[in-house]
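Participant: Please see the structure below; I have some questions.
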Amino acid sequence: MVIKMEKMFTPQQIAYFKTQPTPFYYYDMDLLERTLIALKAATPNDFHIHYALKANANSELLKRIHAYGWGADCVSGNEIKRALEIGFNAKNIVFAGVGKTDEEILLGLEQNIFCFNAESGHELIVINQLAGQHNKIAPIALRINPNVDAYTHKYITTGLEENKFGINPYELEDILSLLKTLKHVKLIGLHFHIGSQITSLTPYKNLCLRANEINHFFIQKGFFPEHINLGGGLGINYAEPNTHSIVDFASYFAVFKKFLEPKPSQSIHFELGRSIVAPCGSLISKVLYIKNGINTNFAILDAGMTELIRPALYQAFHLIESLETPSDDSRTRKYDVVGPICESSDCFGKSIVLPELKRGHLLAIRSAGAYGEVMSSQYNLRNPVKSIYSTEIK
Ligand code: LLP
């Protein structure tokens with residue numbers, strides 16, 4: 001069988017890849033730009049985006065994202081520092097995370113960030129103490145666990161009672177009593193995030209319905225949240241990156257327009273990560289060895305779970321594409337595409353049909369722009385992974 005696949009890469013790009021040491025991340029800056037334009041066009045005027053740096057904190061990408069005027073969602077002091085370096089306005093930075101250290105809280109206070117998304121009563125007490133020591137009032141959004149199922153992988157579900165994230169609704173009365181005693185924190189918002197790689201809009205509808213109830217509860221109790229932050233989580237189509245390279249942002253926002261019932265003066269915020277950056281990144285790797293087994297052929301690559309851990313950690317699917325031009329008589333074979341790391345989980349895909357591979361062939365592992373480079377590690381003392389950008393290819 002002759003394979004004819006629609007390819008994302010031009011012959012010039014592939015020729016350039018062949019001059020570069022592998023493995024590396026390749027970022028299609030044109031696709032990123034088109035995604036940002038689509039997001040801007042789809043975002044209702046009264047909705048505010050904070051890009052989730054955890055998905056990809058590469059400065060080249062951040063500069064492009066920042067140019068659209070959005071804010072940043074940070075989960076560490078270093079992410080706050082990176083966002084500020086790029087030029088994100090502190091007034092648009094939200095700081096989330098279940099385990100903020102004292103140093104990180106102090107950094108947020110010193111920089112006068114927009115909001116701390118607080119995850120527990122204990123954290124509120126600590127933020128209050130630190131803010132008091134510096135004569136400040138910390139702006140707080142309470143992260144509430146809405147107990148809404150995101151129907152995604154269990155490792156990236158965050159909005160269920162069993163998850164470590166957020167304050168459970170049954171704790172809210174106590175939290176409100178606590179808040180009345182804390183003089184150095186000010187409740188300014190409600191925060192929710194139910195999970196990541198959410199591919200149906202139904203969980204978002206359910207989130208809106210829960211958020212309406214919780215918003216109503218706060219207002220009845222005499223607390224007026226100035227903003228509601230619905231988190232991120234919008235999923236992408238990993239199976240068909242060529243035909244679905246830009247997420248349908250308009251349908252996503254339409255759900256919130258339809259089902260969320262904010263009060264007129266409440267602002268609405270989102271923390272999108274993956275849907276913005278995943279499609280534009282590919283991990284490019286070279287075949288080192290072919291091992292033909294009785295039942296399985298292994299294609300052993302020079303990239304592994306150290307460069308892209310998602311398949312090993314979440315059994316995530318990433319489309320794997322050969323960048324070689326198959327000759328008319330070239331055959332296909334089934335491969336287990338694996339990395340060089342000393343772990344059996346170091347596998348990018350099993351029984352993947354590809355044109356016959358040879359040592360030195362290049363493969364692209366697609367849709368790796370989110371939670372790829374940022375989650376890379378030096379396990380086995382591997383070199384830090386490099387990045388190249390479409391803009392450097394003439
Ligand atoms: N807001 C909060 C509070 C979050 O925890 C996250 C992601 C986001 C926003 C952004 O979500 P996104 O729009 O990117 O789905 N490493 C995993 C994903 C972990 C997501 C963590 N939180 C993966 O590779 O699938």
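Each chain in the structure tokens gets a letter, A, B and so on, in the order shown; residues start at 1 in every chain, and ligands are counted from 1 in the order they appear.
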Within 6 Å of ligand 1 (counting only C-alpha atoms and all ligand atoms), which residues show up? I'd like them as a PDB file with all heavy atoms, in the first residue's frame.

Facilitator:
```pdb
ATOM      1  N   ALA A  52      -2.608  30.495  30.146  1.00  0.00           N
ATOM      2  CA  ALA A  52      -2.027  29.622  31.178  1.00  0.00           C
ATOM      3  C   ALA A  52      -0.597  29.263  30.803  1.00  0.00           C
ATOM      4  O   ALA A  52      -0.364  28.381  29.968  1.00  0.00           O
ATOM      5  CB  ALA A  52      -2.885  28.362  31.338  1.00  0.00           C
ATOM      6  N   ALA A  55       1.095  25.695  30.186  1.00  0.00           N
ATOM      7  CA  ALA A  55       1.019  24.904  28.952  1.00  0.00           C
ATOM      8  C   ALA A  55       2.288  25.051  28.122  1.00  0.00           C
ATOM      9  O   ALA A  55       2.752  24.078  27.505  1.00  0.00           O
ATOM     10  CB  ALA A  55      -0.198  25.322  28.133  1.00  0.00           C
ATOM     11  N   ILE A 156      -5.941  14.463  34.762  1.00  0.00           N
ATOM     12  CA  ILE A 156      -6.139  15.885  34.454  1.00  0.00           C
ATOM     13  C   ILE A 156      -7.584  16.324  34.705  1.00  0.00           C
ATOM     14  O   ILE A 156      -8.058  17.306  34.161  1.00  0.00           O
ATOM     15  CB  ILE A 156      -5.657  16.252  33.019  1.00  0.00           C
ATOM     16  CG1 ILE A 156      -6.203  15.294  31.964  1.00  0.00           C
ATOM     17  CG2 ILE A 156      -4.146  16.297  32.950  1.00  0.00           C
ATOM     18  CD1 ILE A 156      -5.818  15.660  30.532  1.00  0.00           C
ATOM     19  N   HIS A 193     -12.004  25.513  37.874  1.00  0.00           N
ATOM     20  CA  HIS A 193     -11.285  24.884  36.750  1.00  0.00           C
ATOM     21  C   HIS A 193     -11.557  23.386  36.884  1.00  0.00           C
ATOM     22  O   HIS A 193     -11.142  22.776  37.857  1.00  0.00           O
ATOM     23  CB  HIS A 193      -9.780  25.168  36.808  1.00  0.00           C
ATOM     24  CG  HIS A 193      -9.007  24.392  35.783  1.00  0.00           C
ATOM     25  ND1 HIS A 193      -9.005  24.724  34.444  1.00  0.00           N
ATOM     26  CD2 HIS A 193      -8.242  23.286  35.887  1.00  0.00           C
ATOM     27  CE1 HIS A 193      -8.268  23.855  33.777  1.00  0.00           C
ATOM     28  NE2 HIS A 193      -7.788  22.971  34.632  1.00  0.00           N
ATOM     29  N   SER A 196      -8.670  19.398  32.120  1.00  0.00           N
ATOM     30  CA  SER A 196      -7.986  19.771  30.885  1.00  0.00           C
ATOM     31  C   SER A 196      -8.316  18.750  29.790  1.00  0.00           C
ATOM     32  O   SER A 196      -8.732  17.633  30.087  1.00  0.00           O
ATOM     33  CB  SER A 196      -6.487  19.799  31.175  1.00  0.00           C
ATOM     34  OG  SER A 196      -5.785  20.455  30.176  1.00  0.00           O
ATOM     35  N   GLN A 197      -8.067  19.146  28.540  1.00  0.00           N
ATOM     36  CA  GLN A 197      -8.378  18.306  27.366  1.00  0.00           C
ATOM     37  C   GLN A 197      -9.845  17.852  27.429  1.00  0.00           C
ATOM     38  O   GLN A 197     -10.168  16.659  27.343  1.00  0.00           O
ATOM     39  CB  GLN A 197      -7.386  17.126  27.244  1.00  0.00           C
ATOM     40  CG  GLN A 197      -7.539  16.231  26.015  1.00  0.00           C
ATOM     41  CD  GLN A 197      -7.602  16.988  24.674  1.00  0.00           C
ATOM     42  OE1 GLN A 197      -7.259  18.145  24.571  1.00  0.00           O
ATOM     43  NE2 GLN A 197      -8.081  16.330  23.650  1.00  0.00           N
ATOM     44  N   GLY A 231     -11.661  29.196  34.473  1.00  0.00           N
ATOM     45  CA  GLY A 231     -10.506  28.330  34.221  1.00  0.00           C
ATOM     46  C   GLY A 231     -10.291  28.092  32.736  1.00  0.00           C
ATOM     47  O   GLY A 231     -10.682  28.890  31.887  1.00  0.00           O
ATOM     48  N   GLY A 232      -9.672  26.951  32.441  1.00  0.00           N
ATOM     49  CA  GLY A 232      -9.378  26.629  31.043  1.00  0.00           C
ATOM     50  C   GLY A 232      -9.874  25.233  30.729  1.00  0.00           C
ATOM     51  O   GLY A 232     -10.943  24.837  31.160  1.00  0.00           O
ATOM     52  N   GLY A 233      -9.072  24.494  29.963  1.00  0.00           N
ATOM     53  CA  GLY A 233      -9.386  23.082  29.754  1.00  0.00           C
ATOM     54  C   GLY A 233      -9.889  22.702  28.388  1.00  0.00           C
ATOM     55  O   GLY A 233     -10.059  21.509  28.101  1.00  0.00           O
ATOM     56  N   LEU A 234     -10.140  23.704  27.531  1.00  0.00           N
ATOM     57  CA  LEU A 234     -10.701  23.378  26.213  1.00  0.00           C
ATOM     58  C   LEU A 234      -9.744  22.448  25.449  1.00  0.00           C
ATOM     59  O   LEU A 234      -8.556  22.745  25.307  1.00  0.00           O
ATOM     60  CB  LEU A 234     -10.936  24.684  25.438  1.00  0.00           C
ATOM     61  CG  LEU A 234     -11.518  24.566  24.047  1.00  0.00           C
ATOM     62  CD1 LEU A 234     -12.874  23.863  24.060  1.00  0.00           C
ATOM     63  CD2 LEU A 234     -11.666  25.964  23.419  1.00  0.00           C
ATOM     64  N   GLU A 271      -8.871  30.899  31.574  1.00  0.00           N
ATOM     65  CA  GLU A 271      -7.434  30.605  31.637  1.00  0.00           C
ATOM     66  C   GLU A 271      -7.122  29.502  30.631  1.00  0.00           C
ATOM     67  O   GLU A 271      -6.968  28.345  31.003  1.00  0.00           O
ATOM     68  CB  GLU A 271      -7.070  30.088  33.036  1.00  0.00           C
ATOM     69  CG  GLU A 271      -7.435  31.029  34.154  1.00  0.00           C
ATOM     70  CD  GLU A 271      -7.317  30.385  35.531  1.00  0.00           C
ATOM     71  OE1 GLU A 271      -7.384  29.146  35.635  1.00  0.00           O
ATOM     72  OE2 GLU A 271      -7.176  31.129  36.501  1.00  0.00           O
ATOM     73  N   LEU A 272      -7.047  29.875  29.362  1.00  0.00           N
ATOM     74  CA  LEU A 272      -6.815  28.854  28.333  1.00  0.00           C
ATOM     75  C   LEU A 272      -5.325  28.622  28.117  1.00  0.00           C
ATOM     76  O   LEU A 272      -4.541  29.571  28.097  1.00  0.00           O
ATOM     77  CB  LEU A 272      -7.466  29.294  27.026  1.00  0.00           C
ATOM     78  CG  LEU A 272      -8.992  29.346  27.062  1.00  0.00           C
ATOM     79  CD1 LEU A 272      -9.540  29.922  25.766  1.00  0.00           C
ATOM     80  CD2 LEU A 272      -9.574  27.957  27.312  1.00  0.00           C
ATOM     81  N   GLY A 273      -4.945  27.377  27.965  1.00  0.00           N
ATOM     82  CA  GLY A 273      -3.547  27.040  27.710  1.00  0.00           C
ATOM     83  C   GLY A 273      -3.429  26.200  26.456  1.00  0.00           C
ATOM     84  O   GLY A 273      -3.132  26.671  25.358  1.00  0.00           O
ATOM     85  N   ARG A 274      -3.758  24.911  26.612  1.00  0.00           N
ATOM     86  CA  ARG A 274      -3.570  23.927  25.540  1.00  0.00           C
ATOM     87  C   ARG A 274      -4.168  24.364  24.198  1.00  0.00           C
ATOM     88  O   ARG A 274      -3.522  24.238  23.153  1.00  0.00           O
ATOM     89  CB  ARG A 274      -4.240  22.614  25.967  1.00  0.00           C
ATOM     90  CG  ARG A 274      -4.025  21.480  24.986  1.00  0.00           C
ATOM     91  CD  ARG A 274      -4.965  20.301  25.315  1.00  0.00           C
ATOM     92  NE  ARG A 274      -4.972  19.953  26.702  1.00  0.00           N
ATOM     93  CZ  ARG A 274      -4.231  19.008  27.272  1.00  0.00           C
ATOM     94  NH1 ARG A 274      -3.432  18.280  26.527  1.00  0.00           N
ATOM     95  NH2 ARG A 274      -4.326  18.757  28.547  1.00  0.00           N
ATOM     96  N   SER A 275      -5.412  24.843  24.225  1.00  0.00           N
ATOM     97  CA  SER A 275      -6.101  25.135  22.965  1.00  0.00           C
ATOM     98  C   SER A 275      -5.380  26.221  22.172  1.00  0.00           C
ATOM     99  O   SER A 275      -5.546  26.322  20.965  1.00  0.00           O
ATOM    100  CB  SER A 275      -7.543  25.547  23.248  1.00  0.00           C
ATOM    101  OG  SER A 275      -7.562  26.571  24.232  1.00  0.00           O
ATOM    102  N   ARG A 310       3.778  13.080  27.739  1.00  0.00           N
ATOM    103  CA  ARG A 310       2.323  12.882  27.748  1.00  0.00           C
ATOM    104  C   ARG A 310       1.891  11.443  27.425  1.00  0.00           C
ATOM    105  O   ARG A 310       1.024  10.902  28.114  1.00  0.00           O
ATOM    106  CB  ARG A 310       1.618  13.868  26.810  1.00  0.00           C
ATOM    107  CG  ARG A 310       1.887  15.350  27.143  1.00  0.00           C
ATOM    108  CD  ARG A 310       0.937  16.296  26.432  1.00  0.00           C
ATOM    109  NE  ARG A 310      -0.403  16.157  26.946  1.00  0.00           N
ATOM    110  CZ  ARG A 310      -1.363  15.534  26.336  1.00  0.00           C
ATOM    111  NH1 ARG A 310      -1.156  15.020  25.135  1.00  0.00           N
ATOM    112  NH2 ARG A 310      -2.549  15.406  26.891  1.00  0.00           N
ATOM    113  N   TYR A 371       2.230  21.389  27.079  1.00  0.00           N
ATOM    114  CA  TYR A 371       2.674  20.369  28.040  1.00  0.00           C
ATOM    115  C   TYR A 371       3.698  19.417  27.409  1.00  0.00           C
ATOM    116  O   TYR A 371       3.729  18.237  27.717  1.00  0.00           O
ATOM    117  CB  TYR A 371       1.458  19.612  28.614  1.00  0.00           C
ATOM    118  CG  TYR A 371       0.424  20.549  29.182  1.00  0.00           C
ATOM    119  CD1 TYR A 371      -0.794  20.764  28.541  1.00  0.00           C
ATOM    120  CD2 TYR A 371       0.683  21.252  30.344  1.00  0.00           C
ATOM    121  CE1 TYR A 371      -1.731  21.661  29.057  1.00  0.00           C
ATOM    122  CE2 TYR A 371      -0.247  22.155  30.859  1.00  0.00           C
ATOM    123  CZ  TYR A 371      -1.456  22.353  30.208  1.00  0.00           C
ATOM    124  OH  TYR A 371      -2.374  23.236  30.717  1.00  0.00           O
TER     125      TYR A 371
END
```

Participant: Determine, for each residue of stretch 314-344 of chain A having at least one atom at most 12 Å from an atom of stretch 137-152 of chain A, the closest pair of atoms and their separation in Å to one decimal, counting only C-alpha atoms; order by chain and ascending number, as CSV.

Facilitator:
```
residue,atom,partner,partner_atom,distance
A:Tyr314,CA,A:Thr152,CA,10.3
A:Gln315,CA,A:Thr152,CA,11.9
A:Ala316,CA,A:Thr152,CA,11.1
```

Participant: Check the DSSP output for the backbone and give back, as number ranges by chain, the residues of stretch 139-195 of chain A in helix (DSSP H, G or I).

Facilitator: A: 154-156, 169-181

Participant: For the atom pair atom CA of A:Leu179 and atom CA of A:Phe95, what is the interatomic distance in Å to one decimal place?

Facilitator: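 If I compute the distance from atom CA of A:Leu179 to atom CA of A:Phe95, I get 19.0 Å.
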
Participant: Between A:Cys347, A:Met375, A:Leu354, A:Leu301, which residue has the minimum interatomic distance to A:Pro326, considering only C-alpha atoms?

Facilitator: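 Answer, going by the shortest atom-to-atom distance: A:Leu354.
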
Participant: Between A:Ile228, A:Thr202, A:Thr101, A:Ser177, which is the closest to A:Ser251 once you count only C-alpha atoms?

Facilitator: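 Under the stated criterion, the closest residue is A:Thr202.
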
Participant: Take atom CA of A:Ile49 and atom CA of A:Glu213 and report the distance between them in Å, one decimal.

Facilitator: 23.0 Å

Participant: Of the residues A:Ser59, A:Ala83, A:Ser345, A:Ser285, which is the one nearest to A:Leu313, using only C-alpha atoms?

Facilitator: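 Ranking A:Ser59, A:Ala83, A:Ser345, A:Ser285 by distance to A:Leu313, first place goes to A:Ser345.
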
Participant: Got a sec: who's within 6 Å of stretch 20-31 of chain A, counting only C-alpha atoms, leaving out chain neighbours fewer than 3 positions off, as a PDB file with C-alpha atoms, in the first residue's frame?

Facilitator:
```
ATOM      1  CA  PHE A  17      15.091  19.926   9.804  1.00  0.00           C
ATOM      2  CA  ARG A  34      -3.728  32.325  13.079  1.00  0.00           C
ATOM      3  CA  CYS A 280       1.526  24.756  16.650  1.00  0.00           C
ATOM      4  CA  GLY A 281       4.204  22.506  18.182  1.00  0.00           C
ATOM      5  CA  SER A 282       5.711  19.249  16.901  1.00  0.00           C
ATOM      6  CA  LEU A 283       8.494  17.176  18.338  1.00  0.00           C
ATOM      7  CA  ILE A 284      10.899  16.237  15.540  1.00  0.00           C
ATOM      8  CA  SER A 285      12.974  13.147  16.106  1.00  0.00           C
ATOM      9  CA  ALA A 303      13.451  11.518  21.486  1.00  0.00           C
ATOM     10  CA  VAL A 385      15.506  19.931  24.446  1.00  0.00           C
ATOM     11  CA  LYS A 386      15.996  22.655  21.834  1.00  0.00           C
ATOM     12  CA  SER A 387      13.371  24.595  19.918  1.00  0.00           C
ATOM     13  CA  ILE A 388      13.289  25.946  16.427  1.00  0.00           C
ATOM     14  CA  TYR A 389      10.724  28.287  14.896  1.00  0.00           C
ATOM     15  CA  SER A 390       9.163  28.436  11.451  1.00  0.00           C
TER      16      SER A 390
END
```

Participant: Neighbours of A:Ile80 within 12 Å (only C-alpha atoms; same-chain residues fewer than 2 positions away dropped), as a CSV table (one decimal) with N, CA, C and O atoms, in the first residue's frame?

Facilitator:
```
chain,number,residue,atom,x,y,z
A,51,TYR,N,-3.7,33.8,29.6
A,51,TYR,CA,-3.0,32.6,29.0
A,51,TYR,C,-2.4,31.8,30.1
A,51,TYR,O,-1.6,32.4,30.9
A,52,ALA,N,-2.6,30.5,30.1
A,52,ALA,CA,-2.0,29.6,31.2
A,52,ALA,C,-0.6,29.3,30.8
A,52,ALA,O,-0.4,28.4,30.0
A,53,LEU,N,0.4,29.9,31.4
A,53,LEU,CA,1.8,29.7,31.1
A,53,LEU,C,2.2,28.3,31.3
A,53,LEU,O,3.2,27.8,30.7
A,54,LYS,N,1.5,27.5,32.2
A,54,LYS,CA,1.9,26.2,32.4
A,54,LYS,C,1.9,25.3,31.2
A,54,LYS,O,2.7,24.4,31.0
A,57,ALA,N,5.7,27.9,28.4
A,57,ALA,CA,6.3,29.2,28.8
A,57,ALA,C,7.5,29.7,28.0
A,57,ALA,O,8.3,30.5,28.4
A,71,GLY,N,-4.1,38.6,29.6
A,71,GLY,CA,-3.4,38.5,30.8
A,71,GLY,C,-2.7,37.1,30.9
A,71,GLY,O,-2.6,36.4,29.9
A,72,ALA,N,-2.2,36.8,32.1
A,72,ALA,CA,-1.4,35.6,32.3
A,72,ALA,C,-2.0,34.8,33.5
A,72,ALA,O,-2.4,35.5,34.5
A,73,ASP,N,-2.0,33.5,33.4
A,73,ASP,CA,-2.4,32.6,34.5
A,73,ASP,C,-1.1,31.9,34.9
A,73,ASP,O,-0.5,31.2,34.1
A,74,CYS,N,-0.6,32.2,36.1
A,74,CYS,CA,0.7,31.6,36.6
A,74,CYS,C,0.4,30.7,37.8
A,74,CYS,O,-0.4,30.9,38.6
A,75,VAL,N,1.3,29.7,37.9
A,75,VAL,CA,1.2,28.7,39.0
A,75,VAL,C,2.5,28.6,39.8
A,75,VAL,O,2.7,27.7,40.6
A,76,SER,N,3.4,29.6,39.6
A,76,SER,CA,4.6,29.6,40.4
A,76,SER,C,5.2,31.0,40.3
A,76,SER,O,4.9,31.8,39.4
A,77,GLY,N,6.1,31.3,41.3
A,77,GLY,CA,6.8,32.6,41.3
A,77,GLY,C,7.5,32.7,40.0
A,77,GLY,O,7.6,33.8,39.4
A,78,ASN,N,8.2,31.7,39.5
A,78,ASN,CA,9.0,31.8,38.3
A,78,ASN,C,8.1,32.1,37.1
A,78,ASN,O,8.5,32.8,36.2
A,82,ARG,N,8.5,35.3,34.7
A,82,ARG,CA,8.6,35.1,33.2
A,82,ARG,C,7.5,36.0,32.5
A,82,ARG,O,7.8,36.7,31.6
A,83,ALA,N,6.3,36.0,33.1
A,83,ALA,CA,5.2,36.8,32.5
A,83,ALA,C,5.6,38.3,32.5
A,83,ALA,O,5.4,39.0,31.6
A,84,LEU,N,6.1,38.7,33.7
A,84,LEU,CA,6.5,40.1,33.8
A,84,LEU,C,7.6,40.5,32.9
A,84,LEU,O,7.6,41.6,32.2
A,85,GLU,N,8.6,39.6,32.8
A,85,GLU,CA,9.7,39.9,31.8
A,85,GLU,C,9.2,40.1,30.4
A,85,GLU,O,9.7,40.9,29.7
A,86,ILE,N,8.2,39.3,30.0
A,86,ILE,CA,7.7,39.4,28.6
A,86,ILE,C,6.9,40.7,28.5
A,86,ILE,O,6.8,41.2,27.4
A,87,GLY,N,6.4,41.2,29.6
A,87,GLY,CA,5.7,42.4,29.5
A,87,GLY,C,4.2,42.3,29.9
A,87,GLY,O,3.5,43.3,29.8
A,88,PHE,N,3.8,41.1,30.3
A,88,PHE,CA,2.4,41.0,30.8
A,88,PHE,C,2.2,42.0,32.0
A,88,PHE,O,3.1,42.1,32.8
A,89,ASN,N,1.1,42.7,32.0
A,89,ASN,CA,0.8,43.6,33.1
A,89,ASN,C,0.5,42.9,34.4
A,89,ASN,O,-0.4,42.0,34.3
A,90,ALA,N,1.1,43.2,35.5
A,90,ALA,CA,0.8,42.5,36.7
A,90,ALA,C,-0.7,42.6,37.1
A,90,ALA,O,-1.3,41.7,37.6
A,91,LYS,N,-1.3,43.6,36.6
A,91,LYS,CA,-2.8,43.8,36.9
A,91,LYS,C,-3.6,42.8,36.1
A,91,LYS,O,-4.8,42.7,36.4
A,92,ASN,N,-3.0,42.1,35.2
A,92,ASN,CA,-3.7,41.0,34.5
A,92,ASN,C,-3.2,39.6,34.8
A,92,ASN,O,-3.4,38.7,34.1
A,93,ILE,N,-2.4,39.5,35.9
A,93,ILE,CA,-1.9,38.2,36.3
A,93,ILE,C,-2.7,37.6,37.4
A,93,ILE,O,-2.9,38.2,38.5
A,94,VAL,N,-3.1,36.3,37.2
A,94,VAL,CA,-3.8,35.6,38.2
A,94,VAL,C,-2.7,34.5,38.7
A,94,VAL,O,-2.0,34.0,37.9
A,95,PHE,N,-2.8,34.2,40.0
A,95,PHE,CA,-1.8,33.3,40.6
A,95,PHE,C,-2.5,32.2,41.2
A,95,PHE,O,-3.2,32.4,42.2
A,96,ALA,N,-2.4,31.0,40.6
A,96,ALA,CA,-3.2,29.8,41.2
A,96,ALA,C,-2.2,28.8,41.7
A,96,ALA,O,-1.0,29.0,41.6
A,103,GLU,N,7.5,32.8,49.7
A,103,GLU,CA,8.2,33.6,48.8
A,103,GLU,C,7.4,34.0,47.6
A,103,GLU,O,7.4,35.1,47.1
A,104,GLU,N,6.6,33.0,47.1
A,104,GLU,CA,5.8,33.2,45.9
A,104,GLU,C,4.6,34.2,46.2
A,104,GLU,O,4.3,35.1,45.4
A,105,ILE,N,4.1,34.0,47.4
A,105,ILE,CA,3.0,34.9,47.8
A,105,ILE,C,3.5,36.3,48.0
A,105,ILE,O,2.9,37.3,47.5
A,106,LEU,N,4.7,36.4,48.6
A,106,LEU,CA,5.3,37.8,48.7
A,106,LEU,C,5.6,38.4,47.4
A,106,LEU,O,5.4,39.6,47.2
A,107,LEU,N,6.0,37.6,46.4
A,107,LEU,CA,6.3,38.2,45.1
A,107,LEU,C,5.0,38.7,44.5
A,107,LEU,O,5.0,39.8,43.9
A,108,GLY,N,3.9,37.9,44.6
A,108,GLY,CA,2.6,38.4,44.1
A,108,GLY,C,2.2,39.7,44.7
A,108,GLY,O,1.6,40.6,44.1
A,109,LEU,N,2.4,39.8,46.1
A,109,LEU,CA,2.0,41.0,46.8
A,109,LEU,C,2.8,42.2,46.4
A,109,LEU,O,2.3,43.3,46.1
A,110,GLU,N,4.1,41.9,46.3
A,110,GLU,CA,5.0,43.0,45.9
A,110,GLU,C,4.7,43.5,44.5
A,110,GLU,O,4.8,44.7,44.2
A,111,GLN,N,4.3,42.6,43.6
A,111,GLN,CA,4.1,43.0,42.2
A,111,GLN,C,2.6,43.5,42.0
A,111,GLN,O,2.2,43.9,40.9
A,112,ASN,N,1.8,43.5,43.1
A,112,ASN,CA,0.4,43.9,43.0
A,112,ASN,C,-0.3,43.2,41.9
A,112,ASN,O,-0.9,43.8,41.0
A,113,ILE,N,-0.3,41.9,41.9
A,113,ILE,CA,-0.9,41.1,40.8
A,113,ILE,C,-2.5,41.3,41.0
A,113,ILE,O,-3.0,41.6,42.0
A,114,PHE,N,-3.2,40.9,39.9
A,114,PHE,CA,-4.6,41.1,39.9
A,114,PHE,C,-5.3,40.2,41.0
A,114,PHE,O,-6.1,40.7,41.7
A,115,CYS,N,-4.8,39.0,41.1
A,115,CYS,CA,-5.6,38.1,42.0
A,115,CYS,C,-4.8,36.8,42.4
A,115,CYS,O,-4.1,36.3,41.6
A,116,PHE,N,-5.0,36.4,43.7
A,116,PHE,CA,-4.5,35.1,44.1
A,116,PHE,C,-5.7,34.2,44.1
A,116,PHE,O,-6.8,34.5,44.7
```

Participant: Could you state the separation of atom CA of A:Gly166 and atom CA of A:Gly99 in Å, given to one decimal place?

Facilitator: 11.3 Å

Participant: For A:Lys394, find every residue with an atom within 9 Å (counting only C-alpha atoms), except residues of its own chain fewer than 3 positions away, and show them as a PyMOL selection string.

Facilitator: chain A and resi 12-13+390-391

Participant: Could you check which of A:Ile290, A:Leu323, A:Asn380, A:Pro355 is closest to A:Asp336, using only C-alpha atoms?

Facilitator: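 Closest residue, counting only C-alpha atoms: A:Ile290.
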
Participant: List the neighbours of A:Gly360 out to 10 Å using only C-alpha atoms; skip same-chain residues closer than 3 positions along the sequence, and give me the result as a list in words.

Facilitator: Lys18, Ser285, Lys286, Val287, Leu288, Tyr289, Leu301, Asp302, Glu324, Leu357 and Leu363 of chain A

Participant: Given only C-alpha atoms as the basis, pick out the residue of A:Thr325, A:Ile125, A:Ile393, A:Ile198 nearest to A:His153.

Facilitator: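 Comparing A:Thr325, A:Ile125, A:Ile393, A:Ile198 against A:His153, the winner is A:Ile198.
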